[in-house]
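As stored in my_file.pdb (PDB, C-alpha atoms, pLDDT in the B column):
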```
ATOM      1  CA  MET K   1      -6.119  -9.844 -14.459  1.00 76.00           C
ATOM      2  CA  ASP K   2      -9.569 -11.318 -14.005  1.00 83.00           C
ATOM      3  CA  LYS K   3     -10.909 -10.580 -10.505  1.00 86.00           C
ATOM      4  CA  ARG K   4     -12.454 -14.058 -10.234  1.00 91.00           C
ATOM      5  CA  LEU K   5      -9.093 -15.699 -10.927  1.00 89.00           C
ATOM      6  CA  LEU K   6      -7.352 -13.456  -8.415  1.00 90.00           C
ATOM      7  CA  ASP K   7      -9.914 -14.454  -5.775  1.00 92.00           C
ATOM      8  CA  ILE K   8      -9.061 -18.153  -6.045  1.00 94.00           C
ATOM      9  CA  LEU K   9      -5.283 -18.006  -6.521  1.00 95.00           C
ATOM     10  CA  VAL K  10      -3.130 -18.623  -3.453  1.00 97.00           C
ATOM     11  CA  CYS K  11       0.594 -18.870  -2.867  1.00 97.00           C
ATOM     12  CA  PRO K  12       1.757 -22.368  -3.837  1.00 97.00           C
ATOM     13  CA  LEU K  13       4.204 -22.347  -0.935  1.00 96.00           C
ATOM     14  CA  CYS K  14       2.107 -21.236   2.054  1.00 97.00           C
ATOM     15  CA  LYS K  15      -1.454 -21.081   0.629  1.00 97.00           C
ATOM     16  CA  SER K  16      -1.991 -17.460   1.719  1.00 96.00           C
ATOM     17  CA  PRO K  17      -3.881 -14.967  -0.490  1.00 95.00           C
ATOM     18  CA  LEU K  18      -2.039 -13.115  -3.233  1.00 96.00           C
ATOM     19  CA  HIS K  19      -2.218  -9.409  -4.017  1.00 95.00           C
ATOM     20  CA  LEU K  20      -1.927  -7.961  -7.507  1.00 95.00           C
ATOM     21  CA  ASP K  21       0.799  -5.406  -8.196  1.00 95.00           C
ATOM     22  CA  ALA K  22      -0.436  -4.168 -11.559  1.00 93.00           C
ATOM     23  CA  SER K  23       2.459  -1.740 -12.043  1.00 94.00           C
ATOM     24  CA  LYS K  24       4.998  -4.605 -11.957  1.00 95.00           C
ATOM     25  CA  ASN K  25       2.639  -7.244 -13.377  1.00 96.00           C
ATOM     26  CA  GLU K  26       3.181  -9.562 -10.406  1.00 96.00           C
ATOM     27  CA  LEU K  27       1.223 -11.419  -7.753  1.00 97.00           C
ATOM     28  CA  ILE K  28       2.591 -10.727  -4.273  1.00 96.00           C
ATOM     29  CA  CYS K  29       2.684 -13.114  -1.322  1.00 96.00           C
ATOM     30  CA  LYS K  30       3.296 -10.953   1.731  1.00 94.00           C
ATOM     31  CA  ALA K  31       3.757 -13.948   4.053  1.00 95.00           C
ATOM     32  CA  ASP K  32       6.656 -15.444   2.081  1.00 96.00           C
ATOM     33  CA  ARG K  33       7.855 -12.144   0.600  1.00 96.00           C
ATOM     34  CA  LEU K  34       7.676 -13.510  -2.946  1.00 97.00           C
ATOM     35  CA  ALA K  35       6.494 -11.983  -6.224  1.00 97.00           C
ATOM     36  CA  TYR K  36       5.121 -14.319  -8.888  1.00 98.00           C
ATOM     37  CA  PRO K  37       5.341 -12.926 -12.437  1.00 98.00           C
ATOM     38  CA  ILE K  38       2.401 -12.607 -14.811  1.00 96.00           C
ATOM     39  CA  ARG K  39       3.443 -13.317 -18.393  1.00 95.00           C
ATOM     40  CA  ASP K  40       1.018 -12.879 -21.298  1.00 94.00           C
ATOM     41  CA  ASP K  41      -1.855 -12.579 -18.763  1.00 90.00           C
ATOM     42  CA  VAL K  42      -0.944 -15.968 -17.234  1.00 92.00           C
ATOM     43  CA  PRO K  43       0.336 -16.085 -13.645  1.00 95.00           C
ATOM     44  CA  VAL K  44       3.483 -18.188 -13.305  1.00 97.00           C
ATOM     45  CA  MET K  45       2.835 -19.932 -10.001  1.00 97.00           C
ATOM     46  CA  LEU K  46       6.198 -21.665  -9.629  1.00 97.00           C
ATOM     47  CA  VAL K  47       8.295 -20.926  -6.555  1.00 96.00           C
ATOM     48  CA  GLU K  48      11.418 -21.253  -8.720  1.00 97.00           C
ATOM     49  CA  GLU K  49      10.170 -18.401 -10.942  1.00 97.00           C
ATOM     50  CA  ALA K  50       9.231 -16.066  -8.075  1.00 98.00           C
ATOM     51  CA  ARG K  51      11.519 -13.275  -7.007  1.00 97.00           C
ATOM     52  CA  SER K  52      12.232 -12.402  -3.393  1.00 97.00           C
ATOM     53  CA  LEU K  53      10.909  -9.099  -2.138  1.00 96.00           C
ATOM     54  CA  SER K  54      12.804  -6.656   0.017  1.00 93.00           C
ATOM     55  CA  ALA K  55      11.271  -5.515   3.295  1.00 87.00           C
ATOM     56  CA  ASP K  56      10.311  -2.186   1.673  1.00 88.00           C
ATOM     57  CA  GLU K  57       8.435  -3.873  -1.169  1.00 84.00           C
ATOM     58  CA  VAL K  58       6.234  -5.936   1.141  1.00 77.00           C
ATOM     59  CA  LEU K  59       4.649  -2.863   2.723  1.00 69.00           C
TER      60      LEU K  59
END
```

Can you give me the file's structure in the form of structure tokens?
Amino acid sequence: MDKRLLDILVCPLCKSPLHLDASKNELICKADRLAYPIRDDVPVMLVEEARSLSADEVL
């Protein structure tokens, strides 16, 4: 994922910064405990498409 794009993307729900999990190809919002998928190098920034993270995954 392009570093410049990652710098400007925020969680659509709470507007906090996102962190890239390259191994799972997801953008992580630690505040809301959500993981937004990246499909074909395009982040899917829809809350309905995000998966909930367990407490262990947020660390």

Please evaluate the PyMOL selection byres ((chain K and resi 52) around 9) against the displayed coordinates and give the resulting residues as a CSV table (one decimal) with C-alpha atoms, in the coordinates of the input.
```
chain,number,residue,atom,x,y,z
K,32,ASP,CA,6.7,-15.4,2.1
K,33,ARG,CA,7.9,-12.1,0.6
K,34,LEU,CA,7.7,-13.5,-2.9
K,35,ALA,CA,6.5,-12.0,-6.2
K,50,ALA,CA,9.2,-16.1,-8.1
K,51,ARG,CA,11.5,-13.3,-7.0
K,53,LEU,CA,10.9,-9.1,-2.1
K,54,SER,CA,12.8,-6.7,0.0
```

- request: Choose the residue, out of K:Met1, K:Ile38, K:Cys11, K:Leu6, that has the smallest atom-to-atom separation from Lys24 in chain K; count all atoms listed in the file.
  value: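 Selected residue with least distance to Lys24 in chain K: K:Ile38.
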
For Val47 in chain K, list every protein, DNA or RNA residue within 8 Å, evaluated using only C-alpha atoms, and leave out those in the same chain fewer than 6 positions away; present the list as a PDB file with C-alpha atoms, in the frame of the given file.
```
ATOM      1  CA  PRO K  12       1.757 -22.368  -3.837  1.00 97.00           C
ATOM      2  CA  LEU K  13       4.204 -22.347  -0.935  1.00 96.00           C
ATOM      3  CA  TYR K  36       5.121 -14.319  -8.888  1.00 98.00           C
TER       4      TYR K  36
END
```

Box along x, y and z, 6 Å on every side, all listed atoms of range 24-31 of chain K inside: centre and edge lengths in Å to one decimal, as JSON.
```
{"center_x": 3.1, "center_y": -9.3, "center_z": -4.7, "size_x": 15.8, "size_y": 21.3, "size_z": 29.4}
```

- request: Could you expand the PyMOL selection byres ((chain K and resi 15) around 12) into the explicit residues it covers here, written as a PyMOL selection string?
  value: chain K and resi 8-14+16-18+29-32+45

query: Which distance in Å separates CA of Ile28 in chain K and CA of Asp41 in chain K, to one decimal?
result: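 Calculated distance between CA of Ile28 in chain K and CA of Asp41 in chain K is 15.3 Å.
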
task: Go ahead and compute the interatomic distance for CA of Ala55 in chain K and CA of Asp40 in chain K, in Å to one decimal.
output: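 Value for the CA of Ala55 in chain K-CA of Asp40 in chain K distance: 27.6 Å.
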
Would you fill the gaps in range 37-56 of chain K so it has N, CA, C and O atoms, then print it as a PDB file, in the coordinates of the input?
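Wrote selection.pdb, looks like this:
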```pdb
ATOM      1  N   PRO K  37       5.562 -13.723 -11.224  1.00 98.00           N
ATOM      2  CA  PRO K  37       5.341 -12.926 -12.437  1.00 98.00           C
ATOM      3  C   PRO K  37       4.052 -13.318 -13.165  1.00 98.00           C
ATOM      4  O   PRO K  37       3.573 -14.442 -13.045  1.00 98.00           O
ATOM      5  N   ILE K  38       3.533 -12.366 -13.909  1.00 96.00           N
ATOM      6  CA  ILE K  38       2.401 -12.607 -14.811  1.00 96.00           C
ATOM      7  C   ILE K  38       2.930 -12.362 -16.219  1.00 96.00           C
ATOM      8  O   ILE K  38       3.345 -11.254 -16.538  1.00 96.00           O
ATOM      9  N   ARG K  39       2.929 -13.422 -17.023  1.00 95.00           N
ATOM     10  CA  ARG K  39       3.443 -13.317 -18.393  1.00 95.00           C
ATOM     11  C   ARG K  39       2.323 -13.623 -19.376  1.00 95.00           C
ATOM     12  O   ARG K  39       1.700 -14.672 -19.294  1.00 95.00           O
ATOM     13  N   ASP K  40       2.082 -12.714 -20.296  1.00 94.00           N
ATOM     14  CA  ASP K  40       1.018 -12.879 -21.298  1.00 94.00           C
ATOM     15  C   ASP K  40      -0.320 -13.176 -20.628  1.00 94.00           C
ATOM     16  O   ASP K  40      -1.063 -14.064 -21.041  1.00 94.00           O
ATOM     17  N   ASP K  41      -0.605 -12.443 -19.533  1.00 90.00           N
ATOM     18  CA  ASP K  41      -1.855 -12.579 -18.763  1.00 90.00           C
ATOM     19  C   ASP K  41      -2.000 -13.919 -18.057  1.00 90.00           C
ATOM     20  O   ASP K  41      -3.092 -14.278 -17.631  1.00 90.00           O
ATOM     21  N   VAL K  42      -0.909 -14.676 -17.925  1.00 92.00           N
ATOM     22  CA  VAL K  42      -0.944 -15.968 -17.234  1.00 92.00           C
ATOM     23  C   VAL K  42      -0.010 -15.894 -16.029  1.00 92.00           C
ATOM     24  O   VAL K  42       1.188 -15.646 -16.190  1.00 92.00           O
ATOM     25  N   PRO K  43      -0.541 -16.104 -14.816  1.00 95.00           N
ATOM     26  CA  PRO K  43       0.336 -16.085 -13.645  1.00 95.00           C
ATOM     27  C   PRO K  43       1.235 -17.325 -13.621  1.00 95.00           C
ATOM     28  O   PRO K  43       0.771 -18.438 -13.843  1.00 95.00           O
ATOM     29  N   VAL K  44       2.512 -17.092 -13.390  1.00 97.00           N
ATOM     30  CA  VAL K  44       3.483 -18.188 -13.305  1.00 97.00           C
ATOM     31  C   VAL K  44       3.624 -18.534 -11.822  1.00 97.00           C
ATOM     32  O   VAL K  44       4.317 -17.863 -11.076  1.00 97.00           O
ATOM     33  N   MET K  45       2.942 -19.587 -11.416  1.00 97.00           N
ATOM     34  CA  MET K  45       2.835 -19.932 -10.001  1.00 97.00           C
ATOM     35  C   MET K  45       3.873 -20.978  -9.579  1.00 97.00           C
ATOM     36  O   MET K  45       3.572 -21.940  -8.890  1.00 97.00           O
ATOM     37  N   LEU K  46       5.102 -20.780  -9.995  1.00 97.00           N
ATOM     38  CA  LEU K  46       6.198 -21.665  -9.629  1.00 97.00           C
ATOM     39  C   LEU K  46       7.127 -20.924  -8.667  1.00 97.00           C
ATOM     40  O   LEU K  46       7.567 -19.811  -8.962  1.00 97.00           O
ATOM     41  N   VAL K  47       7.428 -21.553  -7.554  1.00 96.00           N
ATOM     42  CA  VAL K  47       8.295 -20.926  -6.555  1.00 96.00           C
ATOM     43  C   VAL K  47       9.656 -20.610  -7.175  1.00 96.00           C
ATOM     44  O   VAL K  47      10.248 -19.571  -6.869  1.00 96.00           O
ATOM     45  N   GLU K  48      10.128 -21.466  -8.077  1.00 97.00           N
ATOM     46  CA  GLU K  48      11.418 -21.253  -8.720  1.00 97.00           C
ATOM     47  C   GLU K  48      11.431 -19.997  -9.601  1.00 97.00           C
ATOM     48  O   GLU K  48      12.497 -19.433  -9.864  1.00 97.00           O
ATOM     49  N   GLU K  49      10.272 -19.577 -10.080  1.00 97.00           N
ATOM     50  CA  GLU K  49      10.170 -18.401 -10.942  1.00 97.00           C
ATOM     51  C   GLU K  49       9.900 -17.116 -10.158  1.00 97.00           C
ATOM     52  O   GLU K  49      10.003 -16.024 -10.704  1.00 97.00           O
ATOM     53  N   ALA K  50       9.545 -17.241  -8.896  1.00 98.00           N
ATOM     54  CA  ALA K  50       9.231 -16.066  -8.075  1.00 98.00           C
ATOM     55  C   ALA K  50      10.507 -15.347  -7.674  1.00 98.00           C
ATOM     56  O   ALA K  50      11.563 -15.949  -7.523  1.00 98.00           O
ATOM     57  N   ARG K  51      10.370 -14.039  -7.500  1.00 97.00           N
ATOM     58  CA  ARG K  51      11.519 -13.275  -7.007  1.00 97.00           C
ATOM     59  C   ARG K  51      11.270 -12.895  -5.553  1.00 97.00           C
ATOM     60  O   ARG K  51      10.126 -12.702  -5.133  1.00 97.00           O
ATOM     61  N   SER K  52      12.340 -12.795  -4.800  1.00 97.00           N
ATOM     62  CA  SER K  52      12.232 -12.402  -3.393  1.00 97.00           C
ATOM     63  C   SER K  52      12.016 -10.903  -3.312  1.00 97.00           C
ATOM     64  O   SER K  52      12.582 -10.132  -4.086  1.00 97.00           O
ATOM     65  N   LEU K  53      11.192 -10.506  -2.345  1.00 96.00           N
ATOM     66  CA  LEU K  53      10.909  -9.099  -2.138  1.00 96.00           C
ATOM     67  C   LEU K  53      11.736  -8.560  -0.974  1.00 96.00           C
ATOM     68  O   LEU K  53      11.969  -9.263   0.010  1.00 96.00           O
ATOM     69  N   SER K  54      12.131  -7.309  -1.097  1.00 93.00           N
ATOM     70  CA  SER K  54      12.804  -6.656   0.017  1.00 93.00           C
ATOM     71  C   SER K  54      11.746  -6.263   1.058  1.00 93.00           C
ATOM     72  O   SER K  54      10.544  -6.269   0.781  1.00 93.00           O
ATOM     73  N   ALA K  55      12.195  -5.908   2.231  1.00 87.00           N
ATOM     74  CA  ALA K  55      11.271  -5.515   3.295  1.00 87.00           C
ATOM     75  C   ALA K  55      10.444  -4.297   2.885  1.00 87.00           C
ATOM     76  O   ALA K  55       9.257  -4.193   3.228  1.00 87.00           O
ATOM     77  N   ASP K  56      11.023  -3.387   2.122  1.00 88.00           N
ATOM     78  CA  ASP K  56      10.311  -2.186   1.673  1.00 88.00           C
ATOM     79  C   ASP K  56       9.202  -2.515   0.672  1.00 88.00           C
ATOM     80  O   ASP K  56       8.175  -1.863   0.647  1.00 88.00           O
TER      81      ASP K  56
END
```
